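Next comes model_25.pdb, with PDB, C-alpha atoms, pLDDT in the B column.
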ATOM      1  CA  MET U 276       0.000   0.000   0.000  1.00 32.00           C
ATOM      2  CA  GLY U 277       3.028   2.267  -0.237  1.00 31.00           C
ATOM      3  CA  LEU U 278       3.561   2.740   3.494  1.00 32.00           C
ATOM      4  CA  CYS U 279       6.504   1.806   5.661  1.00 32.00           C
ATOM      5  CA  TRP U 280       7.851   2.556   9.112  1.00 30.00           C
ATOM      6  CA  CYS U 281      11.413   3.876   9.221  1.00 36.00           C
ATOM      7  CA  SER U 282      13.632   2.275  11.837  1.00 33.00           C
ATOM      8  CA  GLN U 283      15.121   5.410  13.371  1.00 37.00           C
ATOM      9  CA  VAL U 284      16.275   8.916  12.602  1.00 39.00           C
ATOM     10  CA  ASP U 285      19.408  10.589  13.919  1.00 43.00           C
ATOM     11  CA  ASP U 286      17.954  11.483  17.311  1.00 44.00           C
ATOM     12  CA  GLY U 287      16.898   7.871  17.896  1.00 46.00           C
ATOM     13  CA  SER U 288      13.189   8.497  17.471  1.00 44.00           C
ATOM     14  CA  LYS U 289      10.991   6.721  14.981  1.00 48.00           C
ATOM     15  CA  ARG U 290       9.309   8.544  12.141  1.00 50.00           C
ATOM     16  CA  ILE U 291       6.778   7.673   9.487  1.00 53.00           C
ATOM     17  CA  VAL U 292       7.262   7.669   5.752  1.00 55.00           C
ATOM     18  CA  MET U 293       3.755   8.331   4.485  1.00 55.00           C
ATOM     19  CA  PRO U 294       2.414   7.520   1.011  1.00 51.00           C
ATOM     20  CA  ALA U 295       3.046   9.648  -2.046  1.00 49.00           C
ATOM     21  CA  ASN U 296      -0.245  11.418  -2.701  1.00 57.00           C
ATOM     22  CA  ASP U 297      -1.372  15.034  -2.805  1.00 62.00           C
ATOM     23  CA  VAL U 298      -3.840  15.069   0.089  1.00 72.00           C
ATOM     24  CA  HIS U 299      -1.494  17.100   2.284  1.00 68.00           C
ATOM     25  CA  LEU U 300      -1.038  19.685  -0.483  1.00 66.00           C
ATOM     26  CA  ASN U 301      -4.808  20.127  -0.826  1.00 74.00           C
ATOM     27  CA  LEU U 302      -4.971  21.132   2.844  1.00 79.00           C
ATOM     28  CA  GLU U 303      -2.922  24.245   1.952  1.00 75.00           C
ATOM     29  CA  ILE U 304      -0.959  24.490   5.191  1.00 80.00           C
ATOM     30  CA  LYS U 305       1.920  26.936   4.766  1.00 78.00           C
ATOM     31  CA  GLY U 306       5.352  25.476   5.395  1.00 79.00           C
ATOM     32  CA  CYS U 307       4.131  21.876   5.167  1.00 80.00           C
ATOM     33  CA  SER U 308       5.475  20.326   1.979  1.00 76.00           C
ATOM     34  CA  THR U 309       5.000  16.687   3.023  1.00 75.00           C
ATOM     35  CA  ALA U 310       2.352  14.632   4.806  1.00 75.00           C
ATOM     36  CA  GLU U 311       4.811  14.085   7.659  1.00 78.00           C
ATOM     37  CA  ASP U 312       5.085  17.877   8.040  1.00 83.00           C
ATOM     38  CA  VAL U 313       1.288  18.099   8.311  1.00 86.00           C
ATOM     39  CA  MET U 314       1.073  15.450  11.050  1.00 86.00           C
ATOM     40  CA  ARG U 315       3.779  17.207  13.068  1.00 87.00           C
ATOM     41  CA  TYR U 316       2.241  20.645  12.564  1.00 89.00           C
ATOM     42  CA  VAL U 317      -1.246  19.519  13.590  1.00 92.00           C
ATOM     43  CA  PHE U 318      -0.464  17.272  16.568  1.00 90.00           C
ATOM     44  CA  ASP U 319       3.074  17.584  17.917  1.00 85.00           C
ATOM     45  CA  ASP U 320       2.388  19.990  20.796  1.00 82.00           C
ATOM     46  CA  ILE U 321      -1.091  18.648  21.605  1.00 79.00           C
ATOM     47  CA  GLU U 322      -0.294  16.088  24.245  1.00 73.00           C
ATOM     48  CA  MET U 323      -2.477  13.126  25.062  1.00 64.00           C
ATOM     49  CA  PRO U 324      -3.916  13.042  28.575  1.00 56.00           C
ATOM     50  CA  LYS U 325      -1.825  10.850  30.842  1.00 55.00           C
ATOM     51  CA  PRO U 326      -2.853   7.165  30.752  1.00 49.00           C
ATOM     52  CA  GLY U 327      -5.361   6.185  33.373  1.00 47.00           C
ATOM     53  CA  LYS U 328      -9.047   5.702  33.996  1.00 45.00           C
ATOM     54  CA  SER U 329     -11.750   8.291  34.053  1.00 43.00           C
ATOM     55  CA  HIS U 330     -15.428   7.669  34.566  1.00 40.00           C
ATOM     56  CA  MET U 331     -18.575   9.244  33.210  1.00 40.00           C
ATOM     57  CA  ARG U 332     -22.228   8.416  32.812  1.00 41.00           C
ATOM     58  CA  VAL U 333     -23.301   6.930  29.487  1.00 38.00           C
ATOM     59  CA  ASN U 334     -26.969   6.056  29.051  1.00 38.00           C
ATOM     60  CA  GLY U 335     -27.272   6.296  32.829  1.00 38.00           C
ATOM     61  CA  VAL U 336     -24.555   3.725  33.477  1.00 34.00           C
ATOM     62  CA  CYS U 337     -20.996   4.364  34.672  1.00 34.00           C
ATOM     63  CA  THR U 338     -18.445   3.892  31.900  1.00 38.00           C
ATOM     64  CA  SER U 339     -14.699   3.430  32.338  1.00 39.00           C
ATOM     65  CA  LEU U 340     -12.573   5.152  29.732  1.00 39.00           C
ATOM     66  CA  LEU U 341      -8.976   3.964  29.347  1.00 44.00           C
ATOM     67  CA  TYR U 342      -7.291   6.666  27.320  1.00 57.00           C
ATOM     68  CA  GLY U 343      -4.682   5.708  24.765  1.00 77.00           C
ATOM     69  CA  GLU U 344      -4.043   5.742  21.041  1.00 88.00           C
ATOM     70  CA  ILE U 345      -3.092   3.272  18.384  1.00 90.00           C
ATOM     71  CA  LEU U 346       0.279   4.410  17.089  1.00 87.00           C
ATOM     72  CA  PRO U 347       0.939   4.951  13.358  1.00 86.00           C
ATOM     73  CA  GLU U 348       2.684   1.594  12.933  1.00 88.00           C
ATOM     74  CA  GLY U 349      -0.315  -0.096  14.538  1.00 92.00           C
ATOM     75  CA  ILE U 350      -2.747   1.896  12.372  1.00 93.00           C
ATOM     76  CA  MET U 351      -1.013   0.776   9.184  1.00 91.00           C
ATOM     77  CA  LYS U 352      -1.032  -2.856  10.257  1.00 95.00           C
ATOM     78  CA  ALA U 353      -4.704  -2.664  11.184  1.00 96.00           C
ATOM     79  CA  MET U 354      -5.676  -0.948   7.930  1.00 96.00           C
ATOM     80  CA  ASP U 355      -3.969  -3.680   5.929  1.00 95.00           C
ATOM     81  CA  LEU U 356      -5.885  -6.391   7.773  1.00 97.00           C
ATOM     82  CA  LEU U 357      -9.217  -4.561   7.722  1.00 98.00           C
ATOM     83  CA  GLY U 358      -9.158  -4.053   3.950  1.00 97.00           C
ATOM     84  CA  ALA U 359      -8.603  -0.302   3.741  1.00 96.00           C
ATOM     85  CA  ASP U 360      -7.655  -0.524   0.054  1.00 94.00           C
ATOM     86  CA  ASN U 361     -11.269  -1.367  -0.779  1.00 96.00           C
ATOM     87  CA  ALA U 362     -12.971   0.711   1.913  1.00 97.00           C
ATOM     88  CA  ARG U 363     -14.943   3.889   1.295  1.00 97.00           C
ATOM     89  CA  SER U 364     -16.157   4.770   4.800  1.00 98.00           C
ATOM     90  CA  LEU U 365     -14.457   4.488   8.212  1.00 98.00           C
ATOM     91  CA  LEU U 366     -15.889   5.144  11.673  1.00 98.00           C
ATOM     92  CA  ASP U 367     -13.582   5.724  14.656  1.00 98.00           C
ATOM     93  CA  VAL U 368     -15.427   5.333  17.984  1.00 95.00           C
ATOM     94  CA  GLY U 369     -13.502   6.986  20.811  1.00 92.00           C
ATOM     95  CA  SER U 370     -11.502   9.140  18.403  1.00 94.00           C
ATOM     96  CA  GLY U 371      -9.696  11.174  21.093  1.00 92.00           C
ATOM     97  CA  ARG U 372      -7.629  14.021  19.695  1.00 92.00           C
ATOM     98  CA  GLY U 373      -8.213  12.665  16.168  1.00 95.00           C
ATOM     99  CA  THR U 374      -4.831  11.206  15.211  1.00 93.00           C
ATOM    100  CA  LEU U 375      -6.081   7.884  13.816  1.00 95.00           C
ATOM    101  CA  ALA U 376      -8.850   9.445  11.749  1.00 96.00           C
ATOM    102  CA  PHE U 377      -6.617  12.240  10.452  1.00 94.00           C
ATOM    103  CA  PHE U 378      -3.755   9.849   9.691  1.00 92.00           C
ATOM    104  CA  THR U 379      -6.192   7.698   7.733  1.00 93.00           C
ATOM    105  CA  PHE U 380      -7.483  10.774   5.914  1.00 93.00           C
ATOM    106  CA  LEU U 381      -3.938  11.560   4.775  1.00 90.00           C
ATOM    107  CA  CYS U 382      -2.817   8.025   3.985  1.00 88.00           C
ATOM    108  CA  TYR U 383      -5.845   6.370   2.412  1.00 92.00           C
ATOM    109  CA  PRO U 384      -7.391   8.709  -0.200  1.00 90.00           C
ATOM    110  CA  GLN U 385      -9.690   5.925  -1.431  1.00 93.00           C
ATOM    111  CA  ILE U 386     -11.626   6.240   1.856  1.00 96.00           C
ATOM    112  CA  THR U 387     -13.915   9.159   1.067  1.00 96.00           C
ATOM    113  CA  GLN U 388     -15.785   9.423   4.377  1.00 97.00           C
ATOM    114  CA  ILE U 389     -13.941   9.253   7.718  1.00 98.00           C
ATOM    115  CA  THR U 390     -15.876   9.941  10.900  1.00 98.00           C
ATOM    116  CA  GLY U 391     -14.612  10.206  14.474  1.00 98.00           C
ATOM    117  CA  VAL U 392     -16.888  10.197  17.525  1.00 97.00           C
ATOM    118  CA  GLU U 393     -15.672  11.207  21.000  1.00 95.00           C
ATOM    119  CA  ILE U 394     -17.818  11.472  24.128  1.00 92.00           C
ATOM    120  CA  SER U 395     -15.264  13.223  26.371  1.00 91.00           C
ATOM    121  CA  ASP U 396     -15.338  17.033  26.414  1.00 92.00           C
ATOM    122  CA  SER U 397     -11.615  17.320  27.186  1.00 91.00           C
ATOM    123  CA  ARG U 398     -10.521  14.936  24.446  1.00 91.00           C
ATOM    124  CA  PHE U 399     -12.816  16.483  21.877  1.00 95.00           C
ATOM    125  CA  SER U 400     -11.396  19.916  22.744  1.00 94.00           C
ATOM    126  CA  LEU U 401      -7.918  18.592  21.901  1.00 93.00           C
ATOM    127  CA  CYS U 402      -9.239  17.414  18.532  1.00 95.00           C
ATOM    128  CA  THR U 403     -10.851  20.790  17.871  1.00 95.00           C
ATOM    129  CA  LYS U 404      -7.625  22.599  18.777  1.00 94.00           C
ATOM    130  CA  ALA U 405      -5.673  20.418  16.350  1.00 94.00           C
ATOM    131  CA  MET U 406      -8.129  20.687  13.467  1.00 94.00           C
ATOM    132  CA  LYS U 407      -8.363  24.482  13.773  1.00 93.00           C
ATOM    133  CA  ARG U 408      -4.801  24.561  12.433  1.00 92.00           C
ATOM    134  CA  ILE U 409      -6.091  23.392   9.064  1.00 91.00           C
ATOM    135  CA  PRO U 410      -7.333  26.380   7.006  1.00 89.00           C
ATOM    136  CA  CYS U 411     -10.265  24.559   5.409  1.00 90.00           C
ATOM    137  CA  ALA U 412     -11.568  23.062   8.674  1.00 93.00           C
ATOM    138  CA  GLU U 413     -15.002  24.099   9.909  1.00 94.00           C
ATOM    139  CA  THR U 414     -15.419  23.871  13.664  1.00 91.00           C
ATOM    140  CA  SER U 415     -18.212  24.259  16.193  1.00 92.00           C
ATOM    141  CA  LYS U 416     -18.737  23.333  19.830  1.00 90.00           C
ATOM    142  CA  SER U 417     -19.691  19.744  18.999  1.00 95.00           C
ATOM    143  CA  ALA U 418     -18.482  19.114  15.447  1.00 97.00           C
ATOM    144  CA  VAL U 419     -15.451  19.527  13.199  1.00 96.00           C
ATOM    145  CA  SER U 420     -15.307  18.864   9.469  1.00 96.00           C
ATOM    146  CA  ILE U 421     -12.847  19.027   6.588  1.00 94.00           C
ATOM    147  CA  GLU U 422     -13.987  18.567   3.011  1.00 93.00           C
ATOM    148  CA  LEU U 423     -11.726  18.249  -0.018  1.00 90.00           C
ATOM    149  CA  ALA U 424     -12.778  18.200  -3.662  1.00 84.00           C
ATOM    150  CA  GLU U 425     -10.408  16.480  -6.074  1.00 74.00           C
ATOM    151  CA  GLU U 426      -9.928  17.408  -9.729  1.00 70.00           C
ATOM    152  CA  THR U 427     -11.908  14.320 -10.694  1.00 73.00           C
ATOM    153  CA  GLY U 428     -14.896  15.739  -8.847  1.00 76.00           C
ATOM    154  CA  LYS U 429     -14.688  13.192  -6.044  1.00 82.00           C
ATOM    155  CA  LYS U 430     -15.234  14.675  -2.596  1.00 91.00           C
ATOM    156  CA  ARG U 431     -13.653  13.434   0.625  1.00 93.00           C
ATOM    157  CA  ARG U 432     -14.845  14.356   4.081  1.00 96.00           C
ATOM    158  CA  LEU U 433     -13.316  14.051   7.557  1.00 97.00           C
ATOM    159  CA  SER U 434     -15.768  14.693  10.398  1.00 98.00           C
ATOM    160  CA  PHE U 435     -15.561  14.621  14.182  1.00 98.00           C
ATOM    161  CA  TYR U 436     -18.499  14.725  16.601  1.00 98.00           C
ATOM    162  CA  LYS U 437     -18.649  15.143  20.362  1.00 97.00           C
ATOM    163  CA  GLN U 438     -21.411  12.687  21.048  1.00 95.00           C
ATOM    164  CA  ASP U 439     -22.407   9.347  22.535  1.00 92.00           C
ATOM    165  CA  ILE U 440     -22.191   6.891  19.623  1.00 91.00           C
ATOM    166  CA  MET U 441     -25.304   5.119  20.912  1.00 89.00           C
ATOM    167  CA  LYS U 442     -27.290   8.305  20.204  1.00 92.00           C
ATOM    168  CA  MET U 443     -26.068   8.328  16.606  1.00 95.00           C
ATOM    169  CA  LEU U 444     -27.295   4.935  15.383  1.00 95.00           C
ATOM    170  CA  ASP U 445     -29.348   6.410  12.525  1.00 96.00           C
ATOM    171  CA  HIS U 446     -26.311   8.406  11.415  1.00 96.00           C
ATOM    172  CA  VAL U 447     -24.090   5.317  11.643  1.00 97.00           C
ATOM    173  CA  LYS U 448     -26.537   3.441   9.432  1.00 96.00           C
ATOM    174  CA  ARG U 449     -26.404   6.232   6.847  1.00 96.00           C
ATOM    175  CA  LEU U 450     -22.593   6.288   6.958  1.00 97.00           C
ATOM    176  CA  SER U 451     -22.568   2.555   6.207  1.00 98.00           C
ATOM    177  CA  PRO U 452     -18.949   2.149   7.381  1.00 98.00           C
ATOM    178  CA  ASP U 453     -16.734  -0.491   5.821  1.00 98.00           C
ATOM    179  CA  ILE U 454     -14.348  -0.249   8.787  1.00 98.00           C
ATOM    180  CA  VAL U 455     -15.089   0.516  12.438  1.00 98.00           C
ATOM    181  CA  ILE U 456     -12.373   1.227  14.997  1.00 97.00           C
ATOM    182  CA  PHE U 457     -13.881   0.473  18.415  1.00 94.00           C
ATOM    183  CA  ASP U 458     -10.915   1.320  20.640  1.00 88.00           C
ATOM    184  CA  VAL U 459     -12.899   1.835  23.845  1.00 85.00           C
ATOM    185  CA  GLU U 460     -13.564  -0.054  27.056  1.00 79.00           C
ATOM    186  CA  ILE U 461     -17.304  -0.151  27.565  1.00 69.00           C
ATOM    187  CA  ASN U 462     -19.099  -1.043  30.766  1.00 61.00           C
ATOM    188  CA  PHE U 463     -22.602   0.049  29.886  1.00 55.00           C
ATOM    189  CA  GLY U 464     -25.504  -2.349  29.309  1.00 59.00           C
ATOM    190  CA  SER U 465     -25.099  -4.931  26.579  1.00 68.00           C
ATOM    191  CA  LYS U 466     -28.339  -3.964  24.824  1.00 77.00           C
ATOM    192  CA  THR U 467     -26.854  -0.670  23.658  1.00 81.00           C
ATOM    193  CA  LEU U 468     -23.832  -2.434  22.187  1.00 85.00           C
ATOM    194  CA  ILE U 469     -26.098  -4.989  20.510  1.00 88.00           C
ATOM    195  CA  ALA U 470     -28.062  -2.138  18.925  1.00 89.00           C
ATOM    196  CA  PHE U 471     -24.855  -0.588  17.572  1.00 92.00           C
ATOM    197  CA  LEU U 472     -23.563  -3.869  16.125  1.00 93.00           C
ATOM    198  CA  LYS U 473     -26.904  -4.585  14.475  1.00 94.00           C
ATOM    199  CA  VAL U 474     -26.845  -1.383  12.397  1.00 96.00           C
ATOM    200  CA  LEU U 475     -23.485  -2.259  10.848  1.00 98.00           C
ATOM    201  CA  LYS U 476     -23.771  -3.673   7.354  1.00 98.00           C
ATOM    202  CA  PRO U 477     -22.706  -7.175   6.262  1.00 98.00           C
ATOM    203  CA  GLY U 478     -19.009  -7.258   5.401  1.00 98.00           C
ATOM    204  CA  CYS U 479     -18.138  -4.420   7.786  1.00 98.00           C
ATOM    205  CA  CYS U 480     -14.826  -5.054   9.564  1.00 98.00           C
ATOM    206  CA  VAL U 481     -14.411  -4.033  13.203  1.00 98.00           C
ATOM    207  CA  LEU U 482     -11.280  -3.657  15.322  1.00 98.00           C
ATOM    208  CA  SER U 483     -12.318  -3.790  18.978  1.00 96.00           C
ATOM    209  CA  TYR U 484     -10.788  -3.386  22.411  1.00 92.00           C
ATOM    210  CA  GLU U 485     -13.563  -5.533  23.879  1.00 89.00           C
ATOM    211  CA  ASP U 486     -14.470  -9.144  23.073  1.00 93.00           C
ATOM    212  CA  LEU U 487     -17.668  -8.527  21.102  1.00 93.00           C
ATOM    213  CA  ASN U 488     -18.580 -12.208  21.108  1.00 93.00           C
ATOM    214  CA  ALA U 489     -18.463 -12.281  24.917  1.00 90.00           C
ATOM    215  CA  TRP U 490     -20.745  -9.246  25.096  1.00 86.00           C
ATOM    216  CA  TRP U 491     -23.200 -10.818  22.664  1.00 89.00           C
ATOM    217  CA  THR U 492     -23.198 -14.147  24.513  1.00 89.00           C
ATOM    218  CA  LYS U 493     -23.862 -12.356  27.790  1.00 84.00           C
ATOM    219  CA  SER U 494     -26.890 -10.664  26.268  1.00 85.00           C
ATOM    220  CA  LEU U 495     -28.079 -13.860  24.602  1.00 86.00           C
ATOM    221  CA  SER U 496     -28.218 -15.597  27.981  1.00 85.00           C
ATOM    222  CA  VAL U 497     -30.951 -13.205  29.122  1.00 83.00           C
ATOM    223  CA  ASP U 498     -32.644 -12.468  25.780  1.00 84.00           C
ATOM    224  CA  ASP U 499     -32.517 -15.190  23.148  1.00 86.00           C
ATOM    225  CA  SER U 500     -34.474 -13.032  20.704  1.00 89.00           C
ATOM    226  CA  ILE U 501     -31.297 -11.209  19.644  1.00 89.00           C
ATOM    227  CA  GLY U 502     -30.163 -14.254  17.676  1.00 91.00           C
ATOM    228  CA  SER U 503     -26.714 -15.666  17.076  1.00 93.00           C
ATOM    229  CA  PHE U 504     -23.539 -13.570  17.020  1.00 94.00           C
ATOM    230  CA  PRO U 505     -23.366 -12.066  13.504  1.00 96.00           C
ATOM    231  CA  PHE U 506     -19.585 -11.664  13.242  1.00 98.00           C
ATOM    232  CA  THR U 507     -16.652 -13.914  12.389  1.00 98.00           C
ATOM    233  CA  GLN U 508     -13.344 -13.280  14.131  1.00 98.00           C
ATOM    234  CA  PHE U 509     -10.163 -13.158  12.046  1.00 97.00           C
ATOM    235  CA  GLY U 510      -6.563 -12.057  12.519  1.00 97.00           C
ATOM    236  CA  ILE U 511      -6.482 -13.835  15.881  1.00 96.00           C
ATOM    237  CA  GLY U 512      -3.344 -13.137  17.908  1.00 94.00           C
ATOM    238  CA  ASN U 513      -2.237 -10.043  15.994  1.00 96.00           C
ATOM    239  CA  THR U 514      -0.819  -7.188  18.030  1.00 96.00           C
ATOM    240  CA  TYR U 515      -0.885  -3.474  17.228  1.00 96.00           C
ATOM    241  CA  GLN U 516       1.467  -0.827  18.608  1.00 93.00           C
ATOM    242  CA  THR U 517      -0.286   1.545  21.005  1.00 91.00           C
ATOM    243  CA  SER U 518       0.639   4.375  23.348  1.00 87.00           C
ATOM    244  CA  TRP U 519       0.352   2.002  26.320  1.00 87.00           C
ATOM    245  CA  ALA U 520       2.167  -0.909  24.602  1.00 90.00           C
ATOM    246  CA  PRO U 521       4.501   0.697  22.025  1.00 90.00           C
ATOM    247  CA  ASN U 522       6.800  -2.307  21.674  1.00 91.00           C
ATOM    248  CA  ALA U 523       4.871  -5.490  22.402  1.00 92.00           C
ATOM    249  CA  GLY U 524       1.632  -4.067  21.057  1.00 94.00           C
ATOM    250  CA  TYR U 525      -1.909  -4.776  22.195  1.00 94.00           C
ATOM    251  CA  LYS U 526      -4.022  -7.729  21.019  1.00 95.00           C
ATOM    252  CA  PHE U 527      -7.051  -5.995  19.601  1.00 96.00           C
ATOM    253  CA  MET U 528      -9.734  -8.268  18.168  1.00 97.00           C
ATOM    254  CA  THR U 529     -10.850  -8.058  14.548  1.00 98.00           C
ATOM    255  CA  TRP U 530     -14.259  -9.107  13.254  1.00 98.00           C
ATOM    256  CA  ARG U 531     -16.151  -9.244   9.962  1.00 98.00           C
ATOM    257  CA  LYS U 532     -19.935  -9.097   9.901  1.00 98.00           C
ATOM    258  CA  LYS U 533     -21.520 -12.084   8.234  1.00 97.00           C
ATOM    259  CA  SER U 534     -23.612 -11.711   5.079  1.00 91.00           C
TER     260      SER U 534
END
Whole structure, structure tokens version:
Amino acid sequence: MGLCWCSQVDDGSKRIVMPANDVHLNLEIKGCSTAEDVMRYVFDDIEMPKPGKSHMRVNGVCTSLLYGEILPEGIMKAMDLLGADNARSLLDVGSGRGTLAFFTFLCYPQITQITGVEISDSRFSLCTKAMKRIPCAETSKSAVSIELAEETGKKRRLSFYKQDIMKMLDHVKRLSPDIVIFDVEINFGSKTLIAFLKVLKPGCCVLSYEDLNAWWTKSLSVDDSIGSFPFTQFGIGNTYQTSWAPNAGYKFMTWRKKS
């Protein structure tokens, strides 16, 4: 797919060599001649909150939020496995400051609709601060969007929303994502997760922090009307570099919805 991860630069830190396309040029950021320049300009001084747990109420139930990010090397590995080359729409649940969604926007021009959803006020504010550095970005208190029109007439859109994903099920259905990144730890009732999984279309691939099959089975034990688990697991045992496991990586689970 034209992406690689450089071993090290002179100061010992890793850097990304991003694909050769013109997305970064279309963003018209002065002084940024490469996609790597754009990533540094947008995010370098916007620090992630320190790892740890915070708690909030979601649908009336306490939810634990473990903050962290999938690192670029992990994103590239995941995109390969999830079929990004043939994807047109991606949904990032728990999008944080927006690095995964924005990285995907830069690296995978075939994905024309990329949507990030973040429930935390503080994390969404970091995303808004970062996106305001892009001249064509439109921002509001609860939404951020970037739209690019290519010479071919094709339009690409990157959107972020500060919202509970479970209150956006109709919007998720309209988005019809080919890929869902579900990098969140969820402790709310299983029925809400079941509702979310049911609106995803057949063939949709999901990368999850949670064991979706375990959640479904738990719900099935009290309500057999929900039917059998509609996903097949694949890529078992793969690890993906994250901010909390940059070397060993974390064993996210990957699923494909059955036809």
For each of U:Lys430, U:Lys473, U:Lys437, U:Lys305, take the minimum atom-to-atom distance to Val368 of chain U, counting all atoms listed in the file, then give the residue where this is smallest.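 Among U:Lys430, U:Lys473, U:Lys437, U:Lys305, it is U:Lys437 that comes nearest to Val368 of chain U.
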Using only C-alpha atoms, determine which residues lie at most 12 Å from Glu322 of chain U, disregarding the query and same-chain residues fewer than 2 positions distant; provide the list as a PyMOL selection string. chain U and resi 315+317-320+324-326+343-344+371-374+397-398+400-402+404-405+518
Explicit residues for the PyMOL selection byres ((chain U and resi 508-512) around 6) (as a PDB file with C-alpha atoms, keeping the file's coordinate frame):
ATOM      1  CA  THR U 507     -16.652 -13.914  12.389  1.00 98.00           C
ATOM      2  CA  ASN U 513      -2.237 -10.043  15.994  1.00 96.00           C
ATOM      3  CA  THR U 529     -10.850  -8.058  14.548  1.00 98.00           C
ATOM      4  CA  TRP U 530     -14.259  -9.107  13.254  1.00 98.00           C
TER       5      TRP U 530
END
Test item: the PyMOL selection byres ((chain U and resi 409-425) around 12) resolved as a PDB file with C-alpha atoms, keeping the file's coordinate frame:
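Output below, filename out_21.pdb:
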ATOM      1  CA  ASN U 296      -0.245  11.418  -2.701  1.00 57.00           C
ATOM      2  CA  ASP U 297      -1.372  15.034  -2.805  1.00 62.00           C
ATOM      3  CA  VAL U 298      -3.840  15.069   0.089  1.00 72.00           C
ATOM      4  CA  HIS U 299      -1.494  17.100   2.284  1.00 68.00           C
ATOM      5  CA  LEU U 300      -1.038  19.685  -0.483  1.00 66.00           C
ATOM      6  CA  ASN U 301      -4.808  20.127  -0.826  1.00 74.00           C
ATOM      7  CA  LEU U 302      -4.971  21.132   2.844  1.00 79.00           C
ATOM      8  CA  GLU U 303      -2.922  24.245   1.952  1.00 75.00           C
ATOM      9  CA  ILE U 304      -0.959  24.490   5.191  1.00 80.00           C
ATOM     10  CA  LYS U 305       1.920  26.936   4.766  1.00 78.00           C
ATOM     11  CA  CYS U 307       4.131  21.876   5.167  1.00 80.00           C
ATOM     12  CA  VAL U 313       1.288  18.099   8.311  1.00 86.00           C
ATOM     13  CA  MET U 314       1.073  15.450  11.050  1.00 86.00           C
ATOM     14  CA  TYR U 316       2.241  20.645  12.564  1.00 89.00           C
ATOM     15  CA  VAL U 317      -1.246  19.519  13.590  1.00 92.00           C
ATOM     16  CA  PHE U 318      -0.464  17.272  16.568  1.00 90.00           C
ATOM     17  CA  ARG U 372      -7.629  14.021  19.695  1.00 92.00           C
ATOM     18  CA  GLY U 373      -8.213  12.665  16.168  1.00 95.00           C
ATOM     19  CA  ALA U 376      -8.850   9.445  11.749  1.00 96.00           C
ATOM     20  CA  PHE U 377      -6.617  12.240  10.452  1.00 94.00           C
ATOM     21  CA  PHE U 380      -7.483  10.774   5.914  1.00 93.00           C
ATOM     22  CA  LEU U 381      -3.938  11.560   4.775  1.00 90.00           C
ATOM     23  CA  PRO U 384      -7.391   8.709  -0.200  1.00 90.00           C
ATOM     24  CA  GLN U 385      -9.690   5.925  -1.431  1.00 93.00           C
ATOM     25  CA  THR U 387     -13.915   9.159   1.067  1.00 96.00           C
ATOM     26  CA  GLN U 388     -15.785   9.423   4.377  1.00 97.00           C
ATOM     27  CA  ILE U 389     -13.941   9.253   7.718  1.00 98.00           C
ATOM     28  CA  THR U 390     -15.876   9.941  10.900  1.00 98.00           C
ATOM     29  CA  GLY U 391     -14.612  10.206  14.474  1.00 98.00           C
ATOM     30  CA  VAL U 392     -16.888  10.197  17.525  1.00 97.00           C
ATOM     31  CA  GLU U 393     -15.672  11.207  21.000  1.00 95.00           C
ATOM     32  CA  ILE U 394     -17.818  11.472  24.128  1.00 92.00           C
ATOM     33  CA  SER U 395     -15.264  13.223  26.371  1.00 91.00           C
ATOM     34  CA  ASP U 396     -15.338  17.033  26.414  1.00 92.00           C
ATOM     35  CA  SER U 397     -11.615  17.320  27.186  1.00 91.00           C
ATOM     36  CA  ARG U 398     -10.521  14.936  24.446  1.00 91.00           C
ATOM     37  CA  PHE U 399     -12.816  16.483  21.877  1.00 95.00           C
ATOM     38  CA  SER U 400     -11.396  19.916  22.744  1.00 94.00           C
ATOM     39  CA  LEU U 401      -7.918  18.592  21.901  1.00 93.00           C
ATOM     40  CA  CYS U 402      -9.239  17.414  18.532  1.00 95.00           C
ATOM     41  CA  THR U 403     -10.851  20.790  17.871  1.00 95.00           C
ATOM     42  CA  LYS U 404      -7.625  22.599  18.777  1.00 94.00           C
ATOM     43  CA  ALA U 405      -5.673  20.418  16.350  1.00 94.00           C
ATOM     44  CA  MET U 406      -8.129  20.687  13.467  1.00 94.00           C
ATOM     45  CA  LYS U 407      -8.363  24.482  13.773  1.00 93.00           C
ATOM     46  CA  ARG U 408      -4.801  24.561  12.433  1.00 92.00           C
ATOM     47  CA  GLU U 426      -9.928  17.408  -9.729  1.00 70.00           C
ATOM     48  CA  THR U 427     -11.908  14.320 -10.694  1.00 73.00           C
ATOM     49  CA  GLY U 428     -14.896  15.739  -8.847  1.00 76.00           C
ATOM     50  CA  LYS U 429     -14.688  13.192  -6.044  1.00 82.00           C
ATOM     51  CA  LYS U 430     -15.234  14.675  -2.596  1.00 91.00           C
ATOM     52  CA  ARG U 431     -13.653  13.434   0.625  1.00 93.00           C
ATOM     53  CA  ARG U 432     -14.845  14.356   4.081  1.00 96.00           C
ATOM     54  CA  LEU U 433     -13.316  14.051   7.557  1.00 97.00           C
ATOM     55  CA  SER U 434     -15.768  14.693  10.398  1.00 98.00           C
ATOM     56  CA  PHE U 435     -15.561  14.621  14.182  1.00 98.00           C
ATOM     57  CA  TYR U 436     -18.499  14.725  16.601  1.00 98.00           C
ATOM     58  CA  LYS U 437     -18.649  15.143  20.362  1.00 97.00           C
ATOM     59  CA  GLN U 438     -21.411  12.687  21.048  1.00 95.00           C
ATOM     60  CA  ASP U 439     -22.407   9.347  22.535  1.00 92.00           C
TER      61      ASP U 439
END
Do you have the atom CA of Pro505 of chain U-atom CA of Tyr383 of chain U distance handy?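 About the pair atom CA of Pro505 of chain U and atom CA of Tyr383 of chain U: they are 27.7 Å apart.
Nearest residue to Gly349 of chain U among U:Val447, U:Ile501, U:Leu468, U:Leu482 is U:Leu482, counting only C-alpha atoms.
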Kindly indicate which residue among U:Ile321, U:Ala470, U:Ile345, U:Glu311 lies nearest to Gln516 of chain U, using all atoms listed in the file for the distances. U:Ile345
